[in-house]
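Below is one structure, written out as structure tokens, with a few remarks after it.
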Amino acid sequence: MKFLIIDAYSEKSRAALNDAGMSYAWELYAGMVKRVLPAAEYTVFHPSDVGAEFPGKHNLEQYDGVLWTGADLTIFHTHVPSIKAQIDLAENVFDVGVPSYGSCWGIQMAAAAAGGEVLANTKGREMGIGRKILLTEEGRNHPMMKGKPFVFDAFESHYDIVVKPPEGTVVLAENEFSGIQAMSVTHKKGTFWSVQYHPEYNLHEMSRLTVVREKVLIEGGFFENPEDLEKHVERWELLHSHPDRSDLRWQLGIDEDILNIEIRQQEFSNWVNALVIPYSKEKEQR
């Protein structure tokens with residue numbers, strides 16, 4: 001099987017993340033793919049890079065799945081050519097019918113490409129660990145959420161949210177702070193499963209991202225000063241290295257839904273089994 005991984009971070013942003021010790025977004029997605037399908041192949045595309053050549057519909061047909069990583073962009077800034085081009089690309093994927101999956105930027109892309117609306121959250125930034133994400137009634141019986149706890153926490157780093165889901169959407173999970181946290185969008189020939197949170201992260205990656213975002217987090221009131229941030233990050237890193245530390249789990253309010261990769265990435269595994277494998281088999285029989 002072959003996947004297209006779309007990492008929309010710019011070259012400058014990728015360098016900043018990497019300098020802080022964080023993996024590239026595409027690497028985290030490649031890790032999810034290889035965990036479920038060790039023999040899978042993938043192509044990485046950076047749509048924000050200068051001179052990026054966007055794949056056409058014919059090129060998209062070679063893939064069994066399209067993956068959208070997170071990004072530090074604003075999807076309703078459609079005056080930016082590369083953002084408009086990404087939305088057009090997502091529309092083409094819907095036209096072709098290749099299954100899509102994405103987190104953060106991905107759920108916003110699913111909404112924008114299918115006719116929904118994304119705006120800045122009036123409550124501000126959701127960062128670190130999103131709390132009390134609740135499966136909707138539809139989510140409890142949906143294949144994307146099979147095996148997922150009815151209430152869970154997840155890694156978050158976003159300011160924008162889906163405020164108007166497009167036609168063909170099933171909202172699968174919500175929380176009080178951001179509203180829609182997971183949804184399935186069926187549009188034209190395709191289906192796009194997406195989440196606002198980051199199943200691809202772990203405590204180490206979240207720690208490194210927090211360091212990168214130090215300035216905006218202190219200005220936003222998440223931390224009093226750099227020392228305060230560093231102490232928090234150190235405890236996250238310590239728990240990442242020693243997940244059996246019950247004291248740190250209690251102090252940080254972290255449980256298996258954050259630490260257990262099977263639970264954390266359940267939605268992605270379900271996507272592969274419910275959408276990608278059947279699509280790939282059907283494609284072979286054409």
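By order in the structure tokens, chains are A, B, ...; within a chain, residues start at 1; ligands start at 1, following the order shown.
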
As a PyMOL selection string, which residues of range 80-212 of chain A does DSSP assign to strand (DSSP E)? chain A and resi 100-103+117-120+126-135+151-158+160-164+169-175+179-187+190-195

Next, the residues of the selection above should be written as a short mmCIF file (atom, residue, chain, number, x, y, z; two decimals), in the first residue's frame with N, CA and C atoms.
```cif
data_model
loop_
_atom_site.label_atom_id
_atom_site.label_comp_id
_atom_site.auth_asym_id
_atom_site.auth_seq_id
_atom_site.Cartn_x
_atom_site.Cartn_y
_atom_site.Cartn_z
N SER A 100 -9.06 9.74 3.15
CA SER A 100 -8.18 10.72 3.77
C SER A 100 -8.28 10.64 5.29
N TYR A 101 -7.19 11.02 5.94
CA TYR A 101 -7.14 11.09 7.40
C TYR A 101 -6.24 12.27 7.76
N GLY A 102 -6.60 12.99 8.82
CA GLY A 102 -5.75 14.09 9.24
C GLY A 102 -6.03 14.53 10.66
N SER A 103 -5.07 15.26 11.23
CA SER A 103 -5.23 15.80 12.57
C SER A 103 -4.97 17.30 12.55
N GLU A 117 -16.98 25.55 7.56
CA GLU A 117 -16.37 26.82 7.96
C GLU A 117 -15.47 26.62 9.18
N VAL A 118 -14.31 27.26 9.14
CA VAL A 118 -13.34 27.24 10.22
C VAL A 118 -13.05 28.68 10.63
N LEU A 119 -13.05 28.94 11.94
CA LEU A 119 -12.75 30.27 12.46
C LEU A 119 -11.86 30.15 13.69
N ALA A 120 -11.32 31.27 14.15
CA ALA A 120 -10.56 31.29 15.39
C ALA A 120 -11.49 31.01 16.56
N GLU A 126 -6.14 26.14 22.46
CA GLU A 126 -6.17 24.88 23.23
C GLU A 126 -4.79 24.25 23.07
N MET A 127 -4.11 24.04 24.19
CA MET A 127 -2.70 23.65 24.12
C MET A 127 -2.36 22.62 25.18
N GLY A 128 -1.48 21.72 24.83
CA GLY A 128 -1.02 20.72 25.78
C GLY A 128 -1.89 19.49 25.73
N ILE A 129 -2.74 19.35 26.72
CA ILE A 129 -3.64 18.20 26.78
C ILE A 129 -5.08 18.69 26.80
N GLY A 130 -5.82 18.33 25.78
CA GLY A 130 -7.24 18.64 25.71
C GLY A 130 -8.00 17.69 26.62
N ARG A 131 -8.84 18.23 27.45
CA ARG A 131 -9.50 17.44 28.48
C ARG A 131 -10.95 17.12 28.12
N LYS A 132 -11.40 15.98 28.66
CA LYS A 132 -12.80 15.57 28.63
C LYS A 132 -13.40 15.61 27.22
N ILE A 133 -12.69 14.99 26.29
CA ILE A 133 -13.23 14.83 24.94
C ILE A 133 -14.25 13.69 25.00
N LEU A 134 -15.45 13.98 24.58
CA LEU A 134 -16.57 13.05 24.75
C LEU A 134 -17.08 12.57 23.40
N LEU A 135 -17.19 11.26 23.24
CA LEU A 135 -17.79 10.73 22.03
C LEU A 135 -19.26 11.11 21.98
N VAL A 151 -14.91 8.78 27.00
CA VAL A 151 -14.35 10.07 27.42
C VAL A 151 -12.84 9.91 27.49
N PHE A 152 -12.10 10.85 26.92
CA PHE A 152 -10.65 10.72 26.90
C PHE A 152 -9.99 12.09 26.78
N ASP A 153 -8.69 12.12 27.06
CA ASP A 153 -7.87 13.30 26.86
C ASP A 153 -6.97 13.07 25.64
N ALA A 154 -6.46 14.15 25.06
CA ALA A 154 -5.60 14.01 23.89
C ALA A 154 -4.70 15.23 23.75
N PHE A 155 -3.60 15.07 23.03
CA PHE A 155 -2.68 16.18 22.79
C PHE A 155 -3.32 17.20 21.86
N GLU A 156 -3.14 18.49 22.20
CA GLU A 156 -3.75 19.57 21.42
C GLU A 156 -2.75 20.70 21.21
N SER A 157 -2.87 21.36 20.07
CA SER A 157 -2.12 22.58 19.81
C SER A 157 -2.79 23.30 18.64
N HIS A 158 -3.78 24.13 18.95
CA HIS A 158 -4.51 24.81 17.88
C HIS A 158 -5.23 26.04 18.42
N ASP A 160 -7.59 27.60 15.84
CA ASP A 160 -8.79 27.59 15.00
C ASP A 160 -9.60 26.32 15.23
N ILE A 161 -10.90 26.40 14.95
CA ILE A 161 -11.81 25.27 15.15
C ILE A 161 -12.83 25.22 14.01
N VAL A 162 -13.40 24.06 13.82
CA VAL A 162 -14.51 23.91 12.88
C VAL A 162 -15.77 24.43 13.55
N VAL A 163 -16.35 25.48 12.98
CA VAL A 163 -17.57 26.06 13.55
C VAL A 163 -18.82 25.66 12.77
N LYS A 164 -18.63 25.26 11.52
CA LYS A 164 -19.75 24.82 10.70
C LYS A 164 -19.32 23.60 9.90
N THR A 169 -21.27 15.45 7.02
CA THR A 169 -20.44 15.26 8.21
C THR A 169 -21.18 14.50 9.30
N VAL A 170 -20.45 13.61 9.96
CA VAL A 170 -20.91 13.00 11.20
C VAL A 170 -19.93 13.45 12.28
N VAL A 171 -20.41 14.24 13.24
CA VAL A 171 -19.56 14.69 14.35
C VAL A 171 -19.43 13.54 15.33
N LEU A 172 -18.19 13.17 15.64
CA LEU A 172 -17.92 11.97 16.43
C LEU A 172 -17.46 12.25 17.85
N ALA A 173 -16.86 13.40 18.09
CA ALA A 173 -16.37 13.72 19.44
C ALA A 173 -16.31 15.23 19.61
N GLU A 174 -16.54 15.67 20.84
CA GLU A 174 -16.54 17.10 21.17
C GLU A 174 -15.96 17.30 22.56
N ASN A 175 -15.52 18.52 22.85
CA ASN A 175 -15.29 18.91 24.23
C ASN A 175 -15.75 20.35 24.44
N GLY A 179 -15.43 22.53 21.03
CA GLY A 179 -16.52 21.98 20.23
C GLY A 179 -16.08 20.73 19.50
N ILE A 180 -16.16 20.73 18.18
CA ILE A 180 -15.89 19.52 17.39
C ILE A 180 -14.43 19.10 17.52
N GLN A 181 -14.23 17.84 17.92
CA GLN A 181 -12.89 17.28 18.08
C GLN A 181 -12.62 16.12 17.12
N ALA A 182 -13.65 15.54 16.56
CA ALA A 182 -13.47 14.46 15.59
C ALA A 182 -14.69 14.39 14.70
N MET A 183 -14.46 14.09 13.42
CA MET A 183 -15.60 14.00 12.51
C MET A 183 -15.25 13.17 11.28
N SER A 184 -16.29 12.66 10.65
CA SER A 184 -16.18 11.96 9.37
C SER A 184 -16.92 12.79 8.34
N VAL A 185 -16.26 13.08 7.23
CA VAL A 185 -16.88 13.84 6.14
C VAL A 185 -16.92 12.98 4.89
N THR A 186 -18.11 12.73 4.39
CA THR A 186 -18.28 12.05 3.11
C THR A 186 -18.72 13.08 2.09
N HIS A 187 -17.93 13.22 1.04
CA HIS A 187 -18.16 14.30 0.06
C HIS A 187 -17.73 13.78 -1.31
N GLY A 190 -15.35 10.62 -1.93
CA GLY A 190 -14.40 10.31 -0.87
C GLY A 190 -14.93 10.46 0.54
N THR A 191 -14.18 9.88 1.47
CA THR A 191 -14.46 10.02 2.90
C THR A 191 -13.18 10.45 3.60
N PHE A 192 -13.31 11.43 4.48
CA PHE A 192 -12.18 12.03 5.19
C PHE A 192 -12.48 11.91 6.67
N TRP A 193 -11.71 11.07 7.38
CA TRP A 193 -11.80 10.96 8.84
C TRP A 193 -10.75 11.87 9.44
N SER A 194 -11.14 12.65 10.45
CA SER A 194 -10.18 13.63 10.98
C SER A 194 -10.45 13.94 12.44
N VAL A 195 -9.40 14.42 13.10
CA VAL A 195 -9.47 14.79 14.51
C VAL A 195 -8.80 16.14 14.71
#
```

For the contact check between range 20-112 of chain A and range 261-281 of chain A, emit one row per residue of range 20-112 of chain A within 7 Å, containing the shortest atom pair and the distance in Å rounded to one decimal, counting only C-alpha atoms, chain then rising number order, as CSV.
```
residue,atom,partner,partner_atom,distance
A:Val36,CA,A:Ser269,CA,6.5
A:Asp64,CA,A:Ser280,CA,5.6
A:Gly65,CA,A:Val276,CA,6.1
A:Pro99,CA,A:Val276,CA,6.3
```

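Counting from CA of Thr69 in chain A, the distance to CA of Glu91 in chain A is 16.6 Å.
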
Could you tell me how far CA of Leu209 in chain A lies from CA of Val233 in chain A, in Å and to one decimal?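 Distance reported for this atom pair: 9.8 Å.
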
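Among the candidates A:Leu60, A:Ala15, A:Ala112, A:Ile6, the residue lying nearest to Val44 in chain A is A:Ile6 (atoms considered: only C-alpha atoms).
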
Shell around Trp26 in chain A at 10 Å using only C-alpha atoms, local window under 3 positions removed, as a PyMOL selection string: chain A and resi 4-9+23+29-32+43-46+67-70+200

Exercise: Glu237 in chain A partners within 8 Å, only C-alpha atoms, chain neighbours under 2 positions left out, as a list in words: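 In the requested form, the answer reads Leu203, His204, Ser207, Val233, Glu234, Arg235, Leu239, His240 and Ser241 of chain A.
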
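With distances restricted to only C-alpha atoms, A:Asn59 is the closest residue to Phe3 in chain A from A:Asn92, A:Asn59, A:Gln251, A:Thr136.
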
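CA of Ala114 in chain A to CA of Pro166 in chain A spans 5.8 Å [interatomic distance, one decimal].
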
Which is closest to Gly97 in chain A among A:Lys188, A:His77, A:Lys283, A:Arg14, if we use only C-alpha atoms? A:Lys188
